[in-house]
Amino acid sequence: MKKVLLIVFIFCGGNSFAQAGEWTWISGDSTANSTGVYGLQGVPSLSNHPSGEYEPVEWKDKSGNFWIYGGFTSRSDLWKYNSVTNEWTWVKGNGLISQQPVYGIKRISNIANTPGYRNWAAVTWVDTIGNLWLFGGSNNKNDLWKYDIGINEWTWMSGDTVLNTIGIHGIQGVPSASNVPGSRRETCSAWTDSLNNLWLFGGGGYDDAGANGNLNDLMKYDISTNEWTWMSGSSFVNALTNYGTLGVSNSTNVPGARWSYTKWKDAQNNFWLMGGYDNGGYLSDVWKYDQIINEWTWMAGPSGWGGLGLYQTTCVFDTNNIPQSRMEQRSSVTDNCGRFWMFGGVTSLLMQTYLNDLWVFDPQQLQWNWLSGTNIFNQSGNYGLLSVSSPLNIPSSRYGAVAWWGSDNKFYLFGGYRSITNSFLCDLWTFTPDTNCVQTCMAFANADFTASNTLCPGTCTDFLNLSFNATSYQWSFPGASPDTSTATNPANICYANSGSYDVQLVATNANGSDTLLLSNYITVYPTPPPQAIAQSGDTLFANAGANSYQWYFNTTIISGATDYFYVAPQSGDYNVVCTDANGCEVEAAVFNVIAAVLPSPLGEGSGERLHPNPVVDKLEITGLFLKDKKGIDISIYNIVGEKVFSAVDCRLPTVDCGLFPSGMYYLEVTSSEKVFRSKFIKQ
């Protein structure tokens with residue numbers, strides 16, 4: 001049985017030092033509990049900033065912008081921060097408290113949809129094409145949401161609309177449409193893999209039996225199939241840790257149930273976490289999960305509760321530097337060298353012991369470097385002057401803050417909470433590391449692209465490379481010709497056959513590679529039905545049923561000839577291009593057409609004519625036979641032989657065809673001496 005350990009922290013003094021870099025307060029309010037400055041929705045401004053927040057959720061998009069949503073003040077506002085311009089934008093939300101979710105229809109986006117207010121540490125991801133994802137939080141939800149930046153809309157993707165939903169883990173390793181994580185909160189350990197799957201670990205919530213407690217399950221969500229898979233851990237609450245041997249992977253190893261607040265990923269796409277809180281105490285163990293072999297490894301830190309830490313040497317990666325145990329260190333990021341950063345947290349909520357220490361961990365050397373802050377609890381901090389760097393500046397102790405790593409090789413920190421002063425914070429800071437202490441690296445390559453991806457058989461597309469920080473590229477286009485490329489922007493990638501096709505891009509620089517695989521990205525429509533041209537007299541007929549038609553004479557387009565038939569006014573070569581509902585074309589041709597010259601005579605040598613032909617409104621019949629004093633009779637038949645018009649004893653024969661449907665018609669004129677027949681086209 002695990003014993004409950006009560007640790008009393010007594011500090012009469014603490015280590016302090018010249019920081020291995022400098023902090024700068026760059027945005028937000030230095031006073032607590034600010035309600036924020038919203039400005040105009042969608043309009044960035046230097047004066048804008050969110051309200052003071054504890055445990056908002058955060059993302060970094062594919063363009064390097066920082067995002068936050070919600071927080072403990074129960075707002076549902078979505079904010080974006082541009083680190084280049086130092087401007088916040090209020091993107092979405094109404095600024096109100098306790099906004100309830102608007103779910104809409106599952107998996108259908110809508111401008112009115114919203115996850116509603118979120119607090120208690122929801123889970124977030126950014127997928128490989130740049131969408132922002134959110135799961136759970138808010139006193140035990142298990143709903144999964146996607147936000148599409150391009151259209152500014154939320155989509156409810158999975159999970160339930162009610163609180164306290166039990167989990168359905170199914171069979172370990174087997175995806176299923178019925179699987180779903182139980183409702184949970186206080187978990188921030190989440191990762192996106194190179195195949196665009198979303199992973200989460202642990203937190204507090206409900207298991208498959210409906211019990212509420214701490215969890216250690218590792219779940220994977222496949223975006224393409226909308227299915228969850230239980231990969232590791234227990235389907236029940238309060239499972240114990242099995243450490244195994246330090247540094248040795250084993251299928252039986254597993255971190256115990258805990259609230260976890262770290263979410264690092266290394267250059268080899270392994271997932272890492274550190275510390276958290278289980279039912280008995282605070283932890284500082286470091287774990288790695290290898291998704292290829294589905295195994296956990298205890299990598300560093302003490303086993304069990306209450307690691308006091310070792311604050312020995314600053315600005316040095318050393319095995320004698322060890323952070324003390326903590327939770328709510330959500331402010332954890334991976335830098336461009338693949339090292340793991342972490343700021344602050346809490347070592348005891350009961351004793352209100354909050355930290356402002358900044359650490360970086362090298363996953364290759366398995367060593368920590370202590371960069372800033374102290375091991376003294378509840379430091380008040382020093383803001384200095386806005387946007388002015390100083391070695392005297394330092395953020396106050398806090399927990400529930402969020403962080404990002406900037407493309408400028410700086411650590412960014414926002415918000416958090418200090419319950420000893422009941423302070424919700426909205427200050428934004430940067431830490432610029434001393435390069436003599438922490439070497440900077442080129443940013444990781446980021447693979448991204450776009451293309452026209454709905455094609456007709458036998459057509460081609462060009463790919464626009466949107467990657468950044470990359471020096472070389474390897475493309476794969478299965479089913480296309482060519483099927484590979486190393487060009488920056490491959491052009492004329494052609495698809496002969498209908499179907500759906502994957503596209504993969506591997507972007508590489510000196511730090512390694514980033515792979516973007518988009519399944520079924522290219523859609524090639526079915527081939528349209530074949531076409532043919534039939535001739536009846538001087539009229540040419542294509543197969544009916546296409547979406548549109550265009551006729552050509554001797555390869556020159558015939559203006560207005562857009563029906564499935566065409567009356568040929570002259571002899572020569574004709575072809576027609578027929579387009580289906582997908583915009584795909586098929587062509588037919590006929591050569592050496594022998595056609596009468598329009599307007600057509602009604603009777604051989606009689607001189608009687610129809611004018612105009614084709615006709616839109618009024619059709620006039622002219623000729624010598626009109627001199628018959630008894631008048632003429634007129635009958636008009638459609639193409640299937642139905643009489644659609646008749647007139648008797650006409651003296652001035654003009655027929656109003658305005659209401660006739662478009663098509664071919666046969667006209668019969670009867671005089672006292674003769675019967676004349678001809679055809680005409682109604683446009």
# chains A, B, ... in the order shown; residues from 1 in each chain; ligands from 1
call {"tool": "residues_around", "arguments": {"residues": "Gly213 of chain A", "least_positions_apart": "2", "cutoff": "8 Å", "atoms": "only C-alpha atoms", "output": "ChimeraX atom specification"}}
result
/A:204-207,211,215,237-238
call {"tool": "select_by_dssp", "arguments": {"residues": "segment 333-530 of chain A", "states": "strand (DSSP E)", "output": "JSON, numbers by chain"}}
result
{"A": [333, 334, 340, 341, 342, 343, 344, 345, 346, 347, 348, 353, 354, 355, 356, 357, 358, 359, 360, 361, 362, 367, 368, 369, 370, 371, 372, 402, 403, 404, 405, 411, 412, 413, 414, 415, 416, 417, 418, 423, 424, 425, 426, 427, 428, 429, 430, 431, 432, 433, 449, 450, 451, 454, 455, 459, 460, 461, 463, 464, 465, 472, 473, 474, 475, 476, 484, 485, 493, 494, 495, 499, 500, 501, 502, 503, 504, 505, 506, 507, 508, 509, 512, 513, 514, 515, 516, 517, 518, 519, 520, 521, 522, 523, 524]}
call {"tool": "residues_around", "arguments": {"residues": "segment 427-436 of chain A", "least_positions_apart": "5", "cutoff": "7 Å", "atoms": "only C-alpha atoms", "output": "list in words"}}
result
Ala20, Gly21, Glu22, Trp23, Thr24, Trp25, Ile26, Ser27, Gly28, Asp29, Ser30, Lys410, Phe411, Tyr412, Leu413, Phe414 and Gly415 of chain A
call {"tool": "write_last_selection", "arguments": {"atoms": "C-alpha atoms", "output": "PDB file, in the first residue's frame"}}
result
ATOM      1  CA  ALA A  20      21.393  33.188 -17.493  1.00  0.00           C
ATOM      2  CA  GLY A  21      19.451  35.561 -19.730  1.00  0.00           C
ATOM      3  CA  GLU A  22      17.021  38.430 -19.295  1.00  0.00           C
ATOM      4  CA  TRP A  23      13.282  38.785 -18.831  1.00  0.00           C
ATOM      5  CA  THR A  24      11.218  41.485 -20.541  1.00  0.00           C
ATOM      6  CA  TRP A  25       7.626  42.369 -19.728  1.00  0.00           C
ATOM      7  CA  ILE A  26       6.257  43.052 -23.246  1.00  0.00           C
ATOM      8  CA  SER A  27       2.445  43.194 -23.044  1.00  0.00           C
ATOM      9  CA  GLY A  28      -0.545  43.012 -20.727  1.00  0.00           C
ATOM     10  CA  ASP A  29      -1.156  44.515 -17.310  1.00  0.00           C
ATOM     11  CA  SER A  30       1.212  44.505 -14.349  1.00  0.00           C
ATOM     12  CA  LYS A 410      12.806  33.294 -26.933  1.00  0.00           C
ATOM     13  CA  PHE A 411      10.668  31.752 -24.206  1.00  0.00           C
ATOM     14  CA  TYR A 412       7.223  33.414 -23.921  1.00  0.00           C
ATOM     15  CA  LEU A 413       5.157  33.257 -20.724  1.00  0.00           C
ATOM     16  CA  PHE A 414       1.567  34.426 -20.165  1.00  0.00           C
ATOM     17  CA  GLY A 415      -0.734  34.724 -17.172  1.00  0.00           C
TER      18      GLY A 415
END
call {"tool": "atom_distance", "arguments": {"atom1": "atom CA of Asn356 of chain A", "atom2": "atom CA of Arg326 of chain A"}}
result
11.7 Å
call {"tool": "atom_distance", "arguments": {"atom1": "atom CA of Thr454 of chain A", "atom2": "atom CA of Tyr521 of chain A"}}
result
8.7 Å
call {"tool": "residues_around", "arguments": {"residues": "Cys337 of chain A", "least_positions_apart": "4", "cutoff": "8 Å", "atoms": "only C-alpha atoms", "output": "VMD selection string"}}
result
chain A and resid 440 to 444 511
call {"tool": "write_last_selection", "arguments": {"atoms": "N, CA and C atoms", "output": "mmCIF file, in the first residue's frame"}}
result
data_model
loop_
_atom_site.group_PDB
_atom_site.id
_atom_site.type_symbol
_atom_site.label_atom_id
_atom_site.label_comp_id
_atom_site.auth_asym_id
_atom_site.auth_seq_id
_atom_site.Cartn_x
_atom_site.Cartn_y
_atom_site.Cartn_z
ATOM 1 N N THR A 440 21.683 28.636 -28.923
ATOM 2 C CA THR A 440 20.489 28.698 -29.762
ATOM 3 C C THR A 440 20.681 27.843 -31.004
ATOM 4 N N CYS A 441 19.593 27.448 -31.586
ATOM 5 C CA CYS A 441 19.619 26.583 -32.757
ATOM 6 C C CYS A 441 18.677 27.116 -33.817
ATOM 7 N N MET A 442 18.944 26.694 -35.037
ATOM 8 C CA MET A 442 17.992 26.946 -36.104
ATOM 9 C C MET A 442 16.657 26.303 -35.730
ATOM 10 N N ALA A 443 15.579 26.974 -36.109
ATOM 11 C CA ALA A 443 14.263 26.429 -35.812
ATOM 12 C C ALA A 443 14.062 25.100 -36.530
ATOM 13 N N PHE A 444 13.231 24.242 -35.959
ATOM 14 C CA PHE A 444 12.891 22.993 -36.609
ATOM 15 C C PHE A 444 12.181 23.256 -37.932
ATOM 16 N N ASN A 511 18.460 20.480 -38.204
ATOM 17 C CA ASN A 511 17.923 19.945 -36.954
ATOM 18 C C ASN A 511 17.185 18.626 -37.135
#
call {"tool": "residues_around", "arguments": {"residues": "Ala209 of chain A", "least_positions_apart": "3", "cutoff": "12 Å", "atoms": "only C-alpha atoms", "output": "JSON, numbers by chain"}}
result
{"A": [164, 165, 166, 167, 168, 169, 182, 205, 206, 212, 213, 234, 235, 236, 237]}
call {"tool": "residues_around", "arguments": {"residues": "Gly116 of chain A", "least_positions_apart": "6", "cutoff": "9 Å", "atoms": "only C-alpha atoms", "output": "ChimeraX atom specification"}}
result
/A:70,74-77,93,98-102
call {"tool": "write_last_selection", "arguments": {"atoms": "N, CA and C atoms", "output": "PDB file, in the first residue's frame"}}
result
ATOM      1  N   GLY A  70     -10.296  30.789 -23.238  1.00  0.00           N
ATOM      2  CA  GLY A  70     -10.904  30.504 -21.946  1.00  0.00           C
ATOM      3  C   GLY A  70     -10.007  30.789 -20.766  1.00  0.00           C
ATOM      4  N   SER A  74     -13.876  31.835 -16.551  1.00  0.00           N
ATOM      5  CA  SER A  74     -15.064  31.288 -17.225  1.00  0.00           C
ATOM      6  C   SER A  74     -15.472  32.088 -18.450  1.00  0.00           C
ATOM      7  N   ARG A  75     -14.486  32.580 -19.184  1.00  0.00           N
ATOM      8  CA  ARG A  75     -14.774  33.228 -20.457  1.00  0.00           C
ATOM      9  C   ARG A  75     -14.595  32.231 -21.604  1.00  0.00           C
ATOM     10  N   SER A  76     -15.151  32.606 -22.763  1.00  0.00           N
ATOM     11  CA  SER A  76     -15.048  31.750 -23.953  1.00  0.00           C
ATOM     12  C   SER A  76     -14.429  32.528 -25.108  1.00  0.00           C
ATOM     13  N   ASP A  77     -13.497  33.425 -24.778  1.00  0.00           N
ATOM     14  CA  ASP A  77     -12.880  34.272 -25.788  1.00  0.00           C
ATOM     15  C   ASP A  77     -11.645  33.598 -26.381  1.00  0.00           C
ATOM     16  N   GLY A  93     -15.632  35.022 -29.719  1.00  0.00           N
ATOM     17  CA  GLY A  93     -16.183  35.044 -28.367  1.00  0.00           C
ATOM     18  C   GLY A  93     -16.913  36.344 -28.109  1.00  0.00           C
ATOM     19  N   SER A  98     -19.308  32.647 -18.366  1.00  0.00           N
ATOM     20  CA  SER A  98     -20.094  31.408 -18.317  1.00  0.00           C
ATOM     21  C   SER A  98     -20.950  31.188 -19.563  1.00  0.00           C
ATOM     22  N   GLN A  99     -20.413  31.550 -20.729  1.00  0.00           N
ATOM     23  CA  GLN A  99     -21.079  31.241 -21.990  1.00  0.00           C
ATOM     24  C   GLN A  99     -21.200  29.722 -22.147  1.00  0.00           C
ATOM     25  N   GLN A 100     -22.414  29.231 -22.393  1.00  0.00           N
ATOM     26  CA  GLN A 100     -22.638  27.800 -22.555  1.00  0.00           C
ATOM     27  C   GLN A 100     -22.261  27.352 -23.970  1.00  0.00           C
ATOM     28  N   PRO A 101     -21.878  26.088 -24.140  1.00  0.00           N
ATOM     29  CA  PRO A 101     -21.523  25.615 -25.487  1.00  0.00           C
ATOM     30  C   PRO A 101     -22.706  25.684 -26.445  1.00  0.00           C
ATOM     31  N   VAL A 102     -22.391  25.939 -27.708  1.00  0.00           N
ATOM     32  CA  VAL A 102     -23.348  25.791 -28.803  1.00  0.00           C
ATOM     33  C   VAL A 102     -22.763  24.712 -29.710  1.00  0.00           C
TER      34      VAL A 102
END
call {"tool": "closest_residue", "arguments": {"among": "A:Gly479, A:Leu516, A:Thr353, A:Tyr38", "to": "Gly130 of chain A", "atoms": "only C-alpha atoms"}}
result
A:Leu516
call {"tool": "closest_atom_pairs", "arguments": {"of": "segment 382-467 of chain A", "to": "segment 257-265 of chain A", "cutoff": "12 Å", "atoms": "only C-alpha atoms", "output": "Markdown table"}}
result
| residue | atom | partner | partner_atom | distance |
| --- | --- | --- | --- | --- |
| A:Tyr399 | CA | A:Tyr261 | CA | 10.3 |
| A:Gly400 | CA | A:Tyr261 | CA | 8.8 |
| A:Ala401 | CA | A:Tyr261 | CA | 10.3 |
| A:Val402 | CA | A:Tyr261 | CA | 10.1 |
| A:Ala403 | CA | A:Thr262 | CA | 10.9 |
| A:Trp404 | CA | A:Trp264 | CA | 11.5 |
| A:Trp405 | CA | A:Trp264 | CA | 11.6 |
call {"tool": "write_last_selection", "arguments": {"atoms": "N, CA, C and O atoms", "output": "PDB file, in the first residue's frame"}}
result
ATOM      1  N   TYR A 399       1.293  29.629 -10.849  1.00  0.00           N
ATOM      2  CA  TYR A 399       1.000  28.325 -11.432  1.00  0.00           C
ATOM      3  C   TYR A 399      -0.168  28.475 -12.393  1.00  0.00           C
ATOM      4  O   TYR A 399      -0.904  29.462 -12.360  1.00  0.00           O
ATOM      5  N   GLY A 400      -0.320  27.484 -13.279  1.00  0.00           N
ATOM      6  CA  GLY A 400      -1.387  27.557 -14.287  1.00  0.00           C
ATOM      7  C   GLY A 400      -1.123  28.568 -15.377  1.00  0.00           C
ATOM      8  O   GLY A 400      -2.060  28.980 -16.075  1.00  0.00           O
ATOM      9  N   ALA A 401       0.146  28.987 -15.567  1.00  0.00           N
ATOM     10  CA  ALA A 401       0.492  29.862 -16.686  1.00  0.00           C
ATOM     11  C   ALA A 401       0.652  29.021 -17.953  1.00  0.00           C
ATOM     12  O   ALA A 401       0.708  27.790 -17.910  1.00  0.00           O
ATOM     13  N   VAL A 402       0.735  29.697 -19.113  1.00  0.00           N
ATOM     14  CA  VAL A 402       0.985  29.013 -20.378  1.00  0.00           C
ATOM     15  C   VAL A 402       2.227  29.617 -21.025  1.00  0.00           C
ATOM     16  O   VAL A 402       2.642  30.732 -20.673  1.00  0.00           O
ATOM     17  N   ALA A 403       2.819  28.883 -21.967  1.00  0.00           N
ATOM     18  CA  ALA A 403       4.070  29.335 -22.572  1.00  0.00           C
ATOM     19  C   ALA A 403       4.152  28.869 -24.014  1.00  0.00           C
ATOM     20  O   ALA A 403       3.441  27.940 -24.437  1.00  0.00           O
ATOM     21  N   TRP A 404       5.022  29.536 -24.778  1.00  0.00           N
ATOM     22  CA  TRP A 404       5.319  29.188 -26.162  1.00  0.00           C
ATOM     23  C   TRP A 404       6.815  29.386 -26.403  1.00  0.00           C
ATOM     24  O   TRP A 404       7.466  30.158 -25.710  1.00  0.00           O
ATOM     25  N   TRP A 405       7.349  28.710 -27.391  1.00  0.00           N
ATOM     26  CA  TRP A 405       8.699  29.001 -27.857  1.00  0.00           C
ATOM     27  C   TRP A 405       8.577  29.781 -29.151  1.00  0.00           C
ATOM     28  O   TRP A 405       7.944  29.337 -30.114  1.00  0.00           O
TER      29      TRP A 405
END
call {"tool": "residues_around", "arguments": {"residues": "segment 418-426 of chain A", "least_positions_apart": "5", "cutoff": "8 Å", "atoms": "only C-alpha atoms", "output": "list in words"}}
result
Gly28, Asp29, Ser30, Thr31, Ala32, Asn33, Ser34, Gly36, His49, Pro50, Ser51, Gly52, Glu53, Tyr54, Gln352, Tyr354, Asn378, Ser397, Arg398 and Tyr399 of chain A
call {"tool": "closest_residue", "arguments": {"among": "A:Ser189, A:Thr523, A:Gln535, A:Asn638", "to": "Val333 of chain A", "atoms": "only C-alpha atoms"}}
result
A:Ser189
call {"tool": "closest_residue", "arguments": {"among": "A:Ser232, A:Ser372, A:Gln550, A:Asn520", "to": "Met342 of chain A", "atoms": "only C-alpha atoms"}}
result
A:Ser372
call {"tool": "decode", "arguments": {"residues": "segment 284-296 of chain A", "atoms": "all heavy atoms", "output": "compact mmCIF listing (two decimals), in the first residue's frame"}}
result
# COMPACT_ATOMS: atom_id res chain seq x y z
N SER A 284 8.25 14.56 -9.53
CA SER A 284 9.21 15.21 -10.41
C SER A 284 9.88 14.20 -11.34
O SER A 284 10.96 14.46 -11.87
CB SER A 284 10.28 15.95 -9.60
OG SER A 284 10.94 15.07 -8.70
N ASP A 285 9.25 13.05 -11.54
CA ASP A 285 9.79 12.04 -12.43
C ASP A 285 9.60 12.45 -13.89
O ASP A 285 8.61 13.08 -14.26
CB ASP A 285 9.17 10.67 -12.17
CG ASP A 285 7.65 10.72 -12.05
OD1 ASP A 285 7.08 11.83 -12.02
OD2 ASP A 285 7.02 9.65 -11.97
N VAL A 286 10.54 12.06 -14.74
CA VAL A 286 10.51 12.38 -16.16
C VAL A 286 10.32 11.09 -16.94
O VAL A 286 11.06 10.12 -16.73
CB VAL A 286 11.80 13.09 -16.61
CG1 VAL A 286 11.76 13.38 -18.10
CG2 VAL A 286 12.01 14.38 -15.82
N TRP A 287 9.34 11.10 -17.88
CA TRP A 287 8.99 9.89 -18.63
C TRP A 287 9.05 10.16 -20.14
O TRP A 287 8.75 11.26 -20.59
CB TRP A 287 7.58 9.43 -18.28
CG TRP A 287 7.45 8.84 -16.91
CD1 TRP A 287 7.27 9.52 -15.74
CD2 TRP A 287 7.46 7.47 -16.58
NE1 TRP A 287 7.19 8.65 -14.70
CE2 TRP A 287 7.29 7.36 -15.18
CE3 TRP A 287 7.60 6.29 -17.31
CZ2 TRP A 287 7.26 6.14 -14.52
CZ3 TRP A 287 7.56 5.07 -16.66
CH2 TRP A 287 7.40 5.01 -15.27
N LYS A 288 9.40 9.11 -20.88
CA LYS A 288 9.37 9.16 -22.35
C LYS A 288 8.49 8.03 -22.87
O LYS A 288 8.58 6.89 -22.41
CB LYS A 288 10.78 9.02 -22.93
CG LYS A 288 10.82 9.05 -24.47
CD LYS A 288 12.23 8.89 -25.01
CE LYS A 288 12.72 7.46 -24.91
NZ LYS A 288 14.01 7.26 -25.60
N TYR A 289 7.66 8.35 -23.85
CA TYR A 289 6.84 7.33 -24.51
C TYR A 289 7.26 7.22 -25.97
O TYR A 289 7.26 8.21 -26.71
CB TYR A 289 5.35 7.68 -24.43
CG TYR A 289 4.47 6.75 -25.23
CD1 TYR A 289 4.16 5.48 -24.77
CD2 TYR A 289 3.97 7.13 -26.48
CE1 TYR A 289 3.37 4.61 -25.51
CE2 TYR A 289 3.17 6.28 -27.23
CZ TYR A 289 2.88 5.02 -26.73
OH TYR A 289 2.09 4.16 -27.48
N ASP A 290 7.60 6.01 -26.39
CA ASP A 290 7.96 5.72 -27.77
C ASP A 290 6.74 5.13 -28.46
O ASP A 290 6.34 3.99 -28.18
CB ASP A 290 9.13 4.72 -27.81
CG ASP A 290 9.67 4.48 -29.20
OD1 ASP A 290 8.89 4.53 -30.16
OD2 ASP A 290 10.89 4.23 -29.32
N GLN A 291 6.14 5.90 -29.37
CA GLN A 291 4.90 5.45 -30.00
C GLN A 291 5.11 4.30 -30.97
O GLN A 291 4.17 3.55 -31.27
CB GLN A 291 4.23 6.62 -30.73
CG GLN A 291 5.11 7.27 -31.78
CD GLN A 291 4.44 8.44 -32.45
OE1 GLN A 291 3.43 8.26 -33.12
NE2 GLN A 291 4.98 9.62 -32.29
N ILE A 292 6.33 4.14 -31.47
CA ILE A 292 6.59 3.05 -32.41
C ILE A 292 6.50 1.69 -31.72
O ILE A 292 5.91 0.74 -32.25
CB ILE A 292 7.97 3.23 -33.08
CG1 ILE A 292 7.98 4.52 -33.91
CG2 ILE A 292 8.32 2.02 -33.95
CD1 ILE A 292 9.32 4.83 -34.52
N ILE A 293 7.07 1.59 -30.51
CA ILE A 293 7.03 0.31 -29.79
C ILE A 293 5.97 0.30 -28.69
O ILE A 293 5.80 -0.71 -28.00
CB ILE A 293 8.41 -0.03 -29.19
CG1 ILE A 293 8.86 1.04 -28.17
CG2 ILE A 293 9.44 -0.18 -30.30
CD1 ILE A 293 10.16 0.69 -27.45
N ASN A 294 5.28 1.44 -28.50
CA ASN A 294 4.21 1.54 -27.50
C ASN A 294 4.71 1.21 -26.10
O ASN A 294 4.11 0.42 -25.37
CB ASN A 294 3.02 0.65 -27.88
CG ASN A 294 1.80 0.90 -27.01
OD1 ASN A 294 1.58 2.01 -26.53
ND2 ASN A 294 1.01 -0.14 -26.79
N GLU A 295 5.86 1.84 -25.72
CA GLU A 295 6.43 1.58 -24.40
C GLU A 295 6.87 2.89 -23.73
O GLU A 295 7.35 3.82 -24.38
CB GLU A 295 7.63 0.64 -24.49
CG GLU A 295 7.24 -0.79 -24.81
CD GLU A 295 8.42 -1.75 -24.77
OE1 GLU A 295 9.56 -1.30 -24.50
OE2 GLU A 295 8.20 -2.96 -25.02
N TRP A 296 6.70 2.92 -22.40
CA TRP A 296 7.15 4.02 -21.57
C TRP A 296 8.53 3.70 -20.98
O TRP A 296 8.84 2.55 -20.72
CB TRP A 296 6.19 4.25 -20.40
CG TRP A 296 4.88 4.90 -20.77
CD1 TRP A 296 3.69 4.27 -20.98
CD2 TRP A 296 4.64 6.30 -20.93
NE1 TRP A 296 2.71 5.19 -21.27
CE2 TRP A 296 3.26 6.45 -21.24
CE3 TRP A 296 5.45 7.44 -20.84
CZ2 TRP A 296 2.67 7.70 -21.45
CZ3 TRP A 296 4.86 8.68 -21.06
CH2 TRP A 296 3.51 8.80 -21.36
